[in-house]
>>> print(open('protein30.txt').read())   # compact mmCIF, C-alpha atoms
# COMPACT_ATOMS: atom_id res chain seq x y z
CA MET M 1 42.13 16.59 -45.33
CA SER M 2 38.81 16.85 -47.12
CA SER M 3 38.17 13.16 -46.54
CA THR M 4 38.43 13.79 -42.79
CA LYS M 5 35.88 16.55 -43.20
CA GLY M 6 33.74 14.21 -45.20
CA TRP M 7 33.80 11.63 -42.40
CA CYS M 8 32.93 14.28 -39.86
CA LEU M 9 29.96 15.30 -41.93
CA ALA M 10 28.82 11.71 -42.36
CA ILE M 11 29.01 11.10 -38.62
CA ALA M 12 27.13 14.34 -37.91
CA ALA M 13 24.45 13.36 -40.42
CA CYS M 14 24.06 9.94 -38.79
CA ALA M 15 23.85 11.50 -35.32
CA GLY M 16 21.22 13.93 -36.57
CA LEU M 17 19.19 11.13 -38.11
CA TRP M 18 19.39 9.10 -34.92
CA LEU M 19 18.25 12.06 -32.82
CA VAL M 20 15.27 12.70 -35.07
CA GLN M 21 14.29 9.05 -35.19
CA ASN M 22 14.76 8.44 -31.48
CA GLY M 23 12.98 11.66 -30.58
CA SER M 24 9.98 10.77 -32.71
CA ARG M 25 9.25 7.70 -30.63
CA ASP M 26 6.68 8.27 -27.90
CA VAL M 27 8.09 9.11 -24.51
CA THR M 28 6.17 7.39 -21.72
CA PRO M 29 6.36 7.99 -17.97
CA PRO M 30 9.28 6.18 -16.29
CA MET M 31 8.62 2.60 -15.25
CA PRO M 32 10.23 0.95 -12.24
CA THR M 33 12.77 -1.77 -12.92
CA ALA M 34 12.39 -5.27 -11.51
CA ALA M 35 15.03 -4.41 -8.91
CA GLU M 36 12.59 -2.04 -7.20
CA ALA M 37 9.90 -4.71 -6.68
CA PHE M 38 9.42 -6.56 -3.40
CA ALA M 39 10.48 -9.75 -5.17
CA ALA M 40 14.00 -8.39 -5.59
CA GLY M 41 14.52 -8.41 -1.83
CA PRO M 42 14.70 -5.71 0.81
CA HIS M 43 16.85 -2.64 0.57
CA ALA M 44 19.67 -2.20 3.06
CA HIS M 45 18.00 0.77 4.74
CA THR M 46 14.54 -0.62 5.27
CA ASP M 47 15.17 -2.03 8.75
CA ALA M 48 14.49 1.10 10.76
CA VAL M 49 10.92 1.49 11.95
CA ALA M 50 9.54 4.49 13.84
CA ALA M 51 6.68 4.26 16.32
CA PRO M 52 3.38 5.42 14.78
CA LEU M 53 2.15 8.95 15.48
CA PRO M 54 -1.31 9.84 16.75
CA PRO M 55 -3.67 10.60 13.86
CA ALA M 56 -3.48 14.09 12.36
CA GLY M 57 -4.39 15.18 8.87
CA PRO M 58 -1.62 15.72 6.30
CA LEU M 59 -0.79 19.03 4.62
CA ARG M 60 1.92 18.44 2.03
CA LEU M 61 3.84 15.55 0.56
CA ARG M 62 7.43 15.79 -0.62
CA ILE M 63 9.54 13.29 -2.56
CA PRO M 64 12.88 15.06 -3.03
CA TYR M 65 14.33 12.40 -5.38
CA ILE M 66 11.75 13.16 -8.06
CA ASP M 67 11.19 16.83 -7.14
CA VAL M 68 7.67 16.34 -5.82
CA ASP M 69 6.32 18.94 -3.40
CA THR M 70 2.53 18.96 -3.45
CA PRO M 71 -0.39 19.94 -1.25
CA LEU M 72 -2.71 17.08 -0.27
CA ILE M 73 -6.47 17.27 -0.48
CA GLY M 74 -8.91 14.81 1.08
CA LEU M 75 -10.28 12.04 -1.14
CA GLY M 76 -13.30 9.84 -0.51
CA LEU M 77 -14.53 6.72 -2.21
CA ALA M 78 -16.41 6.58 -5.48
CA LYS M 79 -19.62 4.58 -5.72
CA ASP M 80 -17.75 1.51 -6.96
CA GLY M 81 -15.52 1.54 -3.89
CA GLY M 82 -12.53 2.89 -5.76
CA LEU M 83 -10.57 5.85 -4.51
CA GLU M 84 -11.52 9.24 -5.88
CA VAL M 85 -8.81 11.18 -7.62
CA PRO M 86 -7.82 14.85 -7.33
CA PRO M 87 -9.14 17.24 -10.00
CA PRO M 88 -6.80 16.65 -12.96
CA ALA M 89 -6.59 20.27 -14.09
CA ASP M 90 -4.01 21.16 -11.43
CA PRO M 91 -0.78 19.36 -12.37
CA ASN M 92 0.69 19.78 -8.89
CA LEU M 93 -1.97 18.33 -6.62
CA ALA M 94 -2.31 14.99 -4.90
CA GLY M 95 -4.88 13.63 -2.46
CA TRP M 96 -5.08 11.27 0.48
CA TYR M 97 -7.84 8.88 1.51
CA ARG M 98 -9.40 10.98 4.26
CA ASP M 99 -11.51 8.20 5.77
CA GLY M 100 -8.54 5.94 6.18
CA THR M 101 -5.30 6.19 8.08
CA PRO M 102 -3.63 9.61 8.05
CA PRO M 103 0.06 9.44 7.05
CA GLY M 104 2.24 8.69 10.06
CA ALA M 105 -0.48 6.96 12.09
CA LYS M 106 -0.66 3.22 12.57
CA GLY M 107 -2.14 1.60 9.50
CA THR M 108 -1.74 2.18 5.80
CA ALA M 109 -2.21 5.72 4.49
CA VAL M 110 -3.08 6.09 0.82
CA VAL M 111 -2.03 8.98 -1.41
CA ALA M 112 -3.00 9.23 -5.08
CA GLY M 113 -2.11 11.69 -7.79
CA HIS M 114 -2.09 11.95 -11.56
CA VAL M 115 0.80 10.84 -13.73
CA ASP M 116 -0.38 13.28 -16.37
CA ASN M 117 -3.40 15.24 -17.52
CA ALA M 118 -4.54 16.26 -20.98
CA LYS M 119 -1.85 18.93 -21.17
CA GLY M 120 1.18 16.96 -20.05
CA PRO M 121 3.00 15.49 -17.06
CA ALA M 122 1.44 15.88 -13.60
CA VAL M 123 2.51 15.54 -9.99
CA PHE M 124 3.50 11.86 -9.93
CA TYR M 125 4.96 11.62 -13.45
CA GLY M 126 8.28 10.51 -12.01
CA LEU M 127 6.94 8.01 -9.46
CA GLY M 128 8.13 5.04 -11.49
CA ALA M 129 11.69 6.37 -11.26
CA LEU M 130 11.75 6.13 -7.45
CA LYS M 131 14.20 3.73 -5.84
CA LYS M 132 14.11 1.68 -2.68
CA GLY M 133 15.41 3.74 0.19
CA ASN M 134 14.26 7.11 -1.21
CA ARG M 135 12.56 9.40 1.28
CA ILE M 136 8.95 10.52 1.28
CA GLU M 137 7.96 13.25 3.71
CA VAL M 138 4.49 14.28 4.81
CA SER M 139 3.97 17.43 6.84
CA ARG M 140 0.93 17.25 9.10
CA GLN M 141 -1.54 19.51 10.82
CA ASP M 142 -0.01 18.72 14.21
CA GLY M 143 3.23 20.38 13.13
CA ARG M 144 5.12 17.13 12.75
CA THR M 145 6.66 15.79 9.57
CA ALA M 146 6.40 12.05 9.04
CA VAL M 147 9.40 10.64 7.20
CA PHE M 148 8.95 7.44 5.20
CA THR M 149 11.38 5.26 3.30
CA VAL M 150 10.45 3.53 0.06
CA ASP M 151 10.28 -0.26 0.45
CA ALA M 152 9.36 -1.11 -3.13
CA ILE M 153 7.81 0.19 -6.33
CA GLU M 154 5.35 -2.20 -7.90
CA VAL M 155 3.29 -2.08 -11.09
CA TYR M 156 -0.15 -3.67 -11.12
CA GLU M 157 -2.58 -4.30 -13.94
CA ALA M 158 -5.96 -2.65 -13.37
CA ASP M 159 -7.86 -5.94 -13.54
CA ALA M 160 -5.51 -7.72 -11.14
CA PHE M 161 -5.12 -5.05 -8.51
CA PRO M 162 -4.18 -6.60 -5.13
CA ASP M 163 -6.41 -4.58 -2.78
CA ASP M 164 -5.19 -6.04 0.48
CA GLU M 165 -1.55 -5.77 -0.40
CA VAL M 166 -1.92 -2.13 -1.40
CA TYR M 167 -4.60 -0.84 0.98
CA GLY M 168 -4.44 -3.27 3.87
CA SER M 169 -2.78 -2.52 7.18
CA ARG M 170 0.48 -4.21 8.12
CA GLY M 171 0.32 -3.25 11.78
CA ARG M 172 2.76 -0.34 11.50
CA ALA M 173 2.69 3.14 9.99
CA GLU M 174 2.90 2.73 6.23
CA LEU M 175 2.24 4.86 3.17
CA ARG M 176 1.23 4.08 -0.39
CA VAL M 177 1.68 6.56 -3.22
CA ILE M 178 -0.33 5.60 -6.27
CA THR M 179 -0.42 6.87 -9.83
CA CYS M 180 -1.25 5.54 -13.29
CA GLY M 181 1.20 3.48 -15.29
CA GLY M 182 1.97 0.06 -16.59
CA GLY M 183 1.71 0.67 -20.31
CA PHE M 184 -0.60 2.87 -22.30
CA SER M 185 -2.92 2.39 -25.24
CA GLU M 186 -4.92 5.03 -27.08
CA LYS M 187 -8.10 3.04 -26.57
CA SER M 188 -8.02 2.07 -22.93
CA GLY M 189 -5.58 4.55 -21.43
CA TYR M 190 -3.10 3.44 -18.82
CA ARG M 191 -3.29 -0.26 -18.14
CA GLY M 192 -2.68 -0.14 -14.41
CA ASN M 193 -1.02 1.62 -11.52
CA VAL M 194 2.45 2.29 -10.23
CA VAL M 195 2.42 1.94 -6.45
CA ALA M 196 5.18 3.09 -4.12
CA PHE M 197 5.23 1.21 -0.79
CA ALA M 198 6.82 3.02 2.12
CA HIS M 199 6.97 2.83 5.91
CA LEU M 200 7.58 5.35 8.66
CA ILE M 201 11.22 5.65 9.76
CA GLY M 202 11.25 8.96 11.55
CA VAL M 203 9.47 12.07 12.69
CA ARG M 204 10.61 15.67 12.58
CA ALA M 205 9.14 18.29 14.84
CA GLY M 206 8.88 21.07 12.24
CA ALA M 207 6.30 20.97 9.49
CA GLU M 208 8.70 22.44 6.95
CA GLY M 209 12.02 20.89 6.33
CA MET S 1 -15.99 14.64 -23.46
CA ARG S 2 -15.47 11.54 -21.45
CA THR S 3 -13.19 13.33 -19.04
CA THR S 4 -15.77 16.02 -18.47
CA ALA S 5 -18.38 13.43 -17.67
CA ARG S 6 -15.93 11.75 -15.34
CA LEU S 7 -15.15 14.98 -13.61
CA LEU S 8 -18.80 15.70 -13.06
CA THR S 9 -19.42 12.23 -11.68
CA THR S 10 -16.47 12.57 -9.34
CA ALA S 11 -17.69 15.92 -8.12
CA VAL S 12 -21.19 14.61 -7.50
CA LEU S 13 -19.82 11.56 -5.71
CA ALA S 14 -17.52 13.72 -3.62
CA VAL S 15 -20.46 15.76 -2.43
CA SER S 16 -22.50 12.69 -1.64
CA THR S 17 -19.60 11.07 0.22
CA ILE S 18 -19.21 14.12 2.41
CA GLY S 19 -22.90 13.96 3.10
CA LEU S 20 -22.62 10.33 4.15
CA GLY S 21 -19.56 10.91 6.29
CA ALA S 22 -21.16 13.64 8.35
CA PRO S 23 -24.92 13.26 8.39
CA GLY S 24 -25.22 16.30 10.62
CA ALA S 25 -23.94 18.50 7.87
CA PHE S 26 -26.15 19.14 4.91
CA ALA S 27 -24.90 19.71 1.44
CA GLU S 28 -27.31 22.56 0.84
CA ASP S 29 -24.91 25.28 1.86
CA HIS S 30 -22.01 23.46 0.19
CA ALA S 31 -19.99 23.57 3.35
CA SER S 32 -19.83 20.94 6.02
CA LEU S 33 -17.83 20.38 9.14
CA GLU S 34 -15.37 17.58 8.60
CA VAL S 35 -14.36 15.76 11.73
CA PHE S 36 -11.29 13.63 11.54
CA PRO S 37 -11.18 10.87 12.57
CA SER S 38 -14.93 10.47 12.49
CA THR S 39 -14.70 7.54 14.88
CA ALA S 40 -12.41 8.01 17.83
CA ALA S 41 -11.72 6.89 21.36
CA PRO S 42 -11.41 9.03 24.49
CA GLY S 43 -8.06 10.74 24.57
CA ALA S 44 -7.87 11.03 20.80
CA SER S 45 -7.14 14.33 19.15
CA LEU S 46 -9.77 15.43 16.63
CA THR S 47 -9.12 17.71 13.70
CA LEU S 48 -12.08 19.69 12.41
CA ASN S 49 -12.19 21.70 9.27
CA THR S 50 -14.77 23.54 7.26
CA THR S 51 -14.94 25.79 4.26
CA ALA S 52 -18.02 27.56 5.64
CA CYS S 53 -15.99 30.36 7.19
CA GLY S 54 -14.76 31.44 3.78
CA PRO S 55 -11.20 32.10 2.61
CA GLY S 56 -9.03 33.12 5.52
CA GLY S 57 -12.05 32.96 7.81
CA GLU S 58 -12.09 31.97 11.46
CA GLY S 59 -14.67 30.58 13.80
CA VAL S 60 -15.46 29.20 17.22
CA GLY S 61 -16.23 25.55 17.71
CA ASP S 62 -18.53 24.15 20.36
CA ALA S 63 -17.66 20.69 21.65
CA ARG S 64 -19.44 21.00 24.99
CA ALA S 65 -21.48 17.88 24.23
CA LEU S 66 -18.18 16.04 24.45
CA GLY S 67 -17.09 17.88 27.53
CA ALA S 68 -14.32 19.48 25.51
CA GLY S 69 -15.56 23.06 25.73
CA GLU S 70 -14.98 25.57 22.98
CA PHE S 71 -12.12 25.77 20.55
CA ARG S 72 -10.94 28.16 17.89
CA LEU S 73 -10.71 27.52 14.16
CA SER S 74 -8.16 29.43 12.17
CA PRO S 75 -7.24 29.43 8.47
CA GLY S 76 -5.59 26.18 7.46
CA ALA S 77 -2.86 25.44 4.98
CA HIS S 78 -5.41 25.72 2.23
CA LYS S 79 -6.59 29.20 2.92
CA GLU S 80 -10.16 28.37 1.96
CA SER S 81 -10.76 26.21 5.01
CA ALA S 82 -10.62 26.89 8.73
CA VAL S 83 -9.06 24.25 10.94
CA GLY S 84 -9.31 23.54 14.64
CA GLN S 85 -8.35 20.77 17.00
CA LEU S 86 -9.65 19.35 20.23
CA ARG S 87 -8.90 16.41 22.43
CA VAL S 88 -11.67 14.05 23.49
CA PRO S 89 -11.66 13.93 27.28
CA TYR S 90 -11.24 10.61 29.00
CA GLY S 91 -14.37 9.29 30.56
CA VAL S 92 -16.74 10.24 27.76
CA GLN S 93 -19.29 7.53 27.06
CA PRO S 94 -19.36 5.79 23.69
CA GLY S 95 -21.93 7.25 21.34
CA VAL S 96 -22.50 9.80 18.62
CA TYR S 97 -21.79 13.41 19.55
CA GLY S 98 -22.53 16.59 17.69
CA VAL S 99 -19.96 19.33 17.27
CA SER S 100 -20.82 22.72 15.85
CA VAL S 101 -18.89 25.67 14.56
CA ARG S 102 -20.01 29.25 14.31
CA CYS S 103 -17.94 31.17 11.82
CA ASP S 104 -17.05 34.80 12.32
CA ASN S 105 -19.03 35.42 9.12
CA GLY S 106 -22.16 34.17 10.89
CA LYS S 107 -22.47 30.79 9.19
CA ARG S 108 -23.03 27.75 11.34
CA VAL S 109 -22.07 24.19 10.45
CA THR S 110 -22.37 20.99 12.39
CA GLY S 111 -20.66 17.65 12.25
CA GLU S 112 -20.47 14.63 14.44
CA VAL S 113 -18.05 12.16 15.84
CA THR S 114 -18.67 8.61 16.97
CA LEU S 115 -16.88 7.71 20.17
CA ARG S 116 -16.05 4.17 20.95
CA ARG S 117 -14.60 2.44 23.92
CA HIS S 118 -11.18 3.35 25.08
CA GLN S 119 -9.64 -0.07 25.54
CA ASP S 120 -8.45 -1.02 22.07
CA GLU S 121 -6.32 2.06 21.82
CA SER S 122 -5.33 2.46 25.41
CA GLY S 123 -1.80 1.24 24.84
CA SER S 124 -0.71 3.88 22.42
CA LEU S 125 -2.72 6.71 23.90
CA ASN S 126 -1.58 6.15 27.45
CA GLY S 127 1.93 6.06 26.15
CA LYS S 128 1.48 9.54 24.85
CA ASN S 129 0.13 10.83 28.12
CA GLU S 130 3.19 9.70 30.02
CA GLY S 131 1.10 7.86 32.53
CA GLU S 132 -0.87 10.80 33.84
CA SER S 133 -3.45 9.92 36.41
CA GLU S 134 -6.06 11.29 34.06
CA SER S 135 -5.71 8.38 31.71
CA ARG S 136 -5.82 5.87 34.53
CA GLU S 137 -9.03 7.34 35.80
CA GLY S 138 -10.40 7.45 32.28
CA GLY S 139 -9.74 3.77 31.82
CA GLY S 140 -11.47 2.85 35.06
CA ASP S 141 -14.43 4.97 34.23
CA GLN S 142 -14.80 3.30 30.88
CA GLY S 143 -14.69 -0.11 32.45
CA ARG S 144 -17.51 0.72 34.82
CA SER S 145 -19.72 2.24 32.22
CA GLN S 146 -19.34 -0.70 29.92
CA GLY S 147 -20.31 -3.02 32.72
CA GLN S 148 -23.51 -1.16 33.31
CA GLY S 149 -24.07 -0.74 29.63
CA HIS S 150 -26.05 2.44 29.99
CA ASP S 151 -26.65 4.82 27.26
CA SER S 152 -26.14 8.42 27.95
CA GLY S 153 -23.92 9.84 25.29
CA GLY S 154 -26.03 10.40 22.27
CA GLN S 155 -28.91 9.32 20.18
CA ASP S 156 -27.35 6.02 19.47
CA SER S 157 -24.83 4.72 21.84
CA GLY S 158 -22.99 3.02 19.12
CA GLY S 159 -24.70 -0.25 18.51
CA HIS S 160 -22.68 -0.37 15.34
CA ASP S 161 -19.47 1.28 16.26
CA PRO S 162 -17.08 -0.44 18.57
CA GLY S 163 -16.37 -3.74 16.93
CA GLY S 164 -16.98 -3.08 13.30
CA TYR S 165 -14.04 -0.83 12.53
CA GLU S 166 -10.55 -1.82 13.27
CA SER S 167 -8.69 -3.01 10.35
CA GLY S 168 -5.82 -0.68 10.83
CA GLY S 169 -5.47 -0.38 14.56
CA GLN S 170 -6.35 3.29 14.41
CA GLY S 171 -9.60 5.15 14.79
CA GLY S 172 -11.80 6.34 11.98
CA HIS S 173 -11.84 3.34 9.70
CA HIS S 174 -14.80 2.96 7.47
CA GLN S 175 -13.72 0.97 4.53
CA GLN S 176 -10.58 0.54 2.55
CA PRO S 177 -10.60 1.55 -1.09
CA SER S 178 -10.65 -1.15 -3.71
CA GLY S 179 -9.36 -1.49 -7.19
CA HIS S 180 -7.01 0.57 -9.28
CA VAL S 181 -6.93 4.35 -9.46
CA GLN S 182 -7.64 6.42 -12.57
CA THR S 183 -4.82 8.88 -12.45
CA GLY S 184 -3.80 9.68 -15.97
CA VAL S 185 -5.07 10.24 -19.48
CA GLY S 186 -1.86 9.94 -21.45
CA GLY S 187 -1.31 13.64 -22.01
CA SER S 188 2.37 13.29 -21.23
CA ILE S 189 2.92 10.70 -23.93
CA GLY S 190 4.29 11.94 -27.22
CA PRO S 191 7.44 12.52 -29.22
CA ASP S 192 10.40 14.22 -27.59
CA THR S 193 10.16 17.47 -29.52
CA ALA S 194 13.40 18.86 -28.11
CA GLN S 195 15.34 15.84 -29.33
CA VAL S 196 13.72 15.95 -32.75
CA ALA S 197 14.57 19.65 -33.04
CA ALA S 198 18.18 19.01 -32.01
CA GLY S 199 18.46 16.21 -34.55
CA ALA S 200 17.02 18.39 -37.28
CA ALA S 201 19.51 21.15 -36.43
CA VAL S 202 22.44 18.72 -36.59
CA LEU S 203 21.18 17.40 -39.94
CA ALA S 204 20.82 20.91 -41.32
CA ALA S 205 24.34 21.81 -40.21
CA ALA S 206 25.72 18.62 -41.78
CA ALA S 207 23.91 19.37 -45.03
CA ALA S 208 25.24 22.94 -45.09
CA GLY S 209 28.76 21.71 -44.36
CA GLY S 210 28.48 19.07 -47.08
CA THR S 211 27.34 21.59 -49.65
CA LEU S 212 30.22 23.89 -48.75
CA LEU S 213 32.67 21.04 -49.00
CA LEU S 214 31.38 19.91 -52.38
CA ARG S 215 31.40 23.42 -53.73
CA ARG S 216 34.99 23.96 -52.61
CA ARG S 217 36.03 20.67 -54.14
CA ALA S 218 34.31 21.63 -57.40
CA SER S 219 35.97 25.04 -57.53
CA GLY S 220 39.29 23.34 -56.65
CA THR S 221 39.06 21.04 -59.69
CA GLN S 222 38.16 23.93 -61.94
CA GLY S 223 41.07 25.96 -60.63
CA GLY S 224 43.53 23.02 -61.06
>>> encode(input="protein30.txt", output="structure tokens")
Amino acid sequence: MSSTKGWCLAIAACAGLWLVQNGSRDVTPPMPTAAEAFAAGPHAHTDAVAAPLPPAGPLRLRIPYIDVDTPLIGLGLAKDGGLEVPPPADPNLAGWYRDGTPPGAKGTAVVAGHVDNAKGPAVFYGLGALKKGNRIEVSRQDGRTAVFTVDAIEVYEADAFPDDEVYGSRGRAELRVITCGGGFSEKSGYRGNVVAFAHLIGVRAGAEG
Amino acid sequence: MRTTARLLTTAVLAVSTIGLGAPGAFAEDHASLEVFPSTAAPGASLTLNTTACGPGGEGVGDARALGAGEFRLSPGAHKESAVGQLRVPYGVQPGVYGVSVRCDNGKRVTGEVTLRRHQDESGSLNGKNEGESESREGGGDQGRSQGQGHDSGGQDSGGHDPGGYESGGQGGHHQQPSGHVQTGVGGSIGPDTAQVAAGAAVLAAAAAGGTLLLRRRASGTQGG
């Protein structure tokens, strides 16, 4: 009887120790698995392609799978040719490259947002957890909502960033959602970017859905 | 420290980029008229927005230079900016055109749009117009004017515009971004405090239980 109790206590003590030890390790933003990369082959649902929409600025971006629902602000280019980023203080704010393709139009639209700020997780913290076939929706100023499907999630090192693959046009309406990721060090910060590749598969008439 | 410096740089760059994008709008009053896309073809729909009208403000836009008349700007999704739309009529010559907005609060901002030839977008745009005669006429008109090569539209009938853009098959292309994006500082990285707390609670409970058990056992031996 008391030996059973003793075992229970020992197991509880071990579980407690494990929790403390495991919890003390640093938690980093989710990283995509190799199965979500282009190299792993296309997803079953990526065949559908919708005809591009006429250009109209975006209002909000939603990614239901990772609970993202964020307004989009316009972003320009920094002096070095890199994309500007939204002000980091607001954890729920992303931006789109306003001099490029608007989401839903023919070409490649680019959206960027922070994975975290100094205080904690930000809008695209969960981007690395996306899966092929997940939906991304962008409501637009013309009242339409452009619906995209995720083709792949890739991770790129900052010093080997494939500009054309990420920013280049593929002749249809595509979307890139970019945030930081790919390992972190205290000295140099995040090593690269997590990039979600998506293409237009449908259009809804209402801006809210 | 470094982030503050970065923020400042970004803000300064943002202002200068806006200035570059719309030379007609000056940064001095901190508000410009953004025209999107800034390079378009006849038939395209333009979206204009400005923060000059103030939060919730409205205004009247003047696009008569384009032959598009006047249009209304009303508060956009972000309440601080007013948004309006217009469609570039077919038959407008390539060139740079000014568009102005007078806000109900009295402020006036100007922006500009570069129009290029119609042909490289005609497919998709005509599709949208369901073959109206308007677009057919527009196309013919464009053809003639290119042949004559005259220059009526604006200050600069686009010596630089028609061919240079076009990487994406859609109007308004300047340049694609390059390189990675700085979108995180690591503030989300750290121990899982909830898990540590749970573990500590379990450990405390186990310790309490153990003490109780030992005590009982001790008293049991004494009693026996």
>>> residues_around(input="protein30.txt", residues="Tyr97 in chain S", least_positions_apart="3", cutoff="7 Å", atoms="all atoms listed in the file", output="ChimeraX atom specification")
/S:65-66,112-114,154
>>> atom_distance(input="protein30.txt", atom1="CA of Ala78 in chain M", atom2="CA of Glu34 in chain S")
17.9 Å
>>> closest_residue(input="protein30.txt", among="S:Pro42, S:Pro37, S:Gly67, S:Gly106", to="chain M", atoms="only C-alpha atoms")
S:Pro37
>>> residues_around(input="protein30.txt", residues="range 79-92 of chain M", least_positions_apart="3", cutoff="8 Å", atoms="all atoms listed in the file", output="CSV table (one decimal) with C-alpha atoms, in the coordinates of the input")
chain,number,residue,atom,x,y,z
M,69,ASP,CA,6.3,18.9,-3.4
M,70,THR,CA,2.5,19.0,-3.4
M,71,PRO,CA,-0.4,19.9,-1.2
M,73,ILE,CA,-6.5,17.3,-0.5
M,75,LEU,CA,-10.3,12.0,-1.1
M,76,GLY,CA,-13.3,9.8,-0.5
M,95,GLY,CA,-4.9,13.6,-2.5
M,97,TYR,CA,-7.8,8.9,1.5
M,112,ALA,CA,-3.0,9.2,-5.1
M,113,GLY,CA,-2.1,11.7,-7.8
M,114,HIS,CA,-2.1,12.0,-11.6
M,116,ASP,CA,-0.4,13.3,-16.4
M,117,ASN,CA,-3.4,15.2,-17.5
M,121,PRO,CA,3.0,15.5,-17.1
M,122,ALA,CA,1.4,15.9,-13.6
M,123,VAL,CA,2.5,15.5,-10.0
S,7,LEU,CA,-15.2,15.0,-13.6
S,10,THR,CA,-16.5,12.6,-9.3
S,13,LEU,CA,-19.8,11.6,-5.7
S,14,ALA,CA,-17.5,13.7,-3.6
S,177,PRO,CA,-10.6,1.6,-1.1
S,178,SER,CA,-10.6,-1.2,-3.7
S,179,GLY,CA,-9.4,-1.5,-7.2
S,180,HIS,CA,-7.0,0.6,-9.3
S,181,VAL,CA,-6.9,4.4,-9.5
S,182,GLN,CA,-7.6,6.4,-12.6
S,183,THR,CA,-4.8,8.9,-12.4
>>> atom_distance(input="protein30.txt", atom1="CA of Gly98 in chain S", atom2="CA of Pro54 in chain M")
22.3 Å
>>> residues_around(input="protein30.txt", residues="Ala158 in chain M", least_positions_apart="4", cutoff="7 Å", atoms="all atoms listed in the file", output="VMD selection string")
(chain M and resid 191 to 193) or (chain S and resid 180)
>>> closest_residue(input="protein30.txt", among="M:Asp142, M:Asp67, M:Glu36, M:Glu154", to="chain S", atoms="all atoms listed in the file")
M:Asp142
>>> closest_residue(input="protein30.txt", among="S:Thr211, S:Gln176, S:Thr39, S:Thr51", to="chain M", atoms="only C-alpha atoms")
S:Gln176
>>> atom_distance(input="protein30.txt", atom1="CA of Gly69 in chain S", atom2="CA of Val92 in chain S")
13.0 Å
>>> closest_residue(input="protein30.txt", among="S:Gly84, S:Pro89, S:Gly59, S:Gly209", to="Val101 in chain S", atoms="only C-alpha atoms")
S:Gly59
>>> residues_around(input="protein30.txt", residues="range 24-29 of chain M", least_positions_apart="5", cutoff="7 Å", atoms="all atoms listed in the file", output="PyMOL selection string")
(chain M and resi 125-126) or (chain S and resi 189-192+196)
>>> closest_residue(input="protein30.txt", among="S:Val185, S:Leu115, S:Cys103, S:Ala31", to="Ala44 in chain S", atoms="all atoms listed in the file")
S:Leu115
>>> closest_residue(input="protein30.txt", among="S:Gly186, S:Gly43, S:Pro75, S:Gly95", to="chain M", atoms="all atoms listed in the file")
S:Gly186
>>> residues_around(input="protein30.txt", residues="Thr145 in chain M", least_positions_apart="4", cutoff="6 Å", atoms="all atoms listed in the file", output="PyMOL selection string")
chain M and resi 138-140+203-204+207
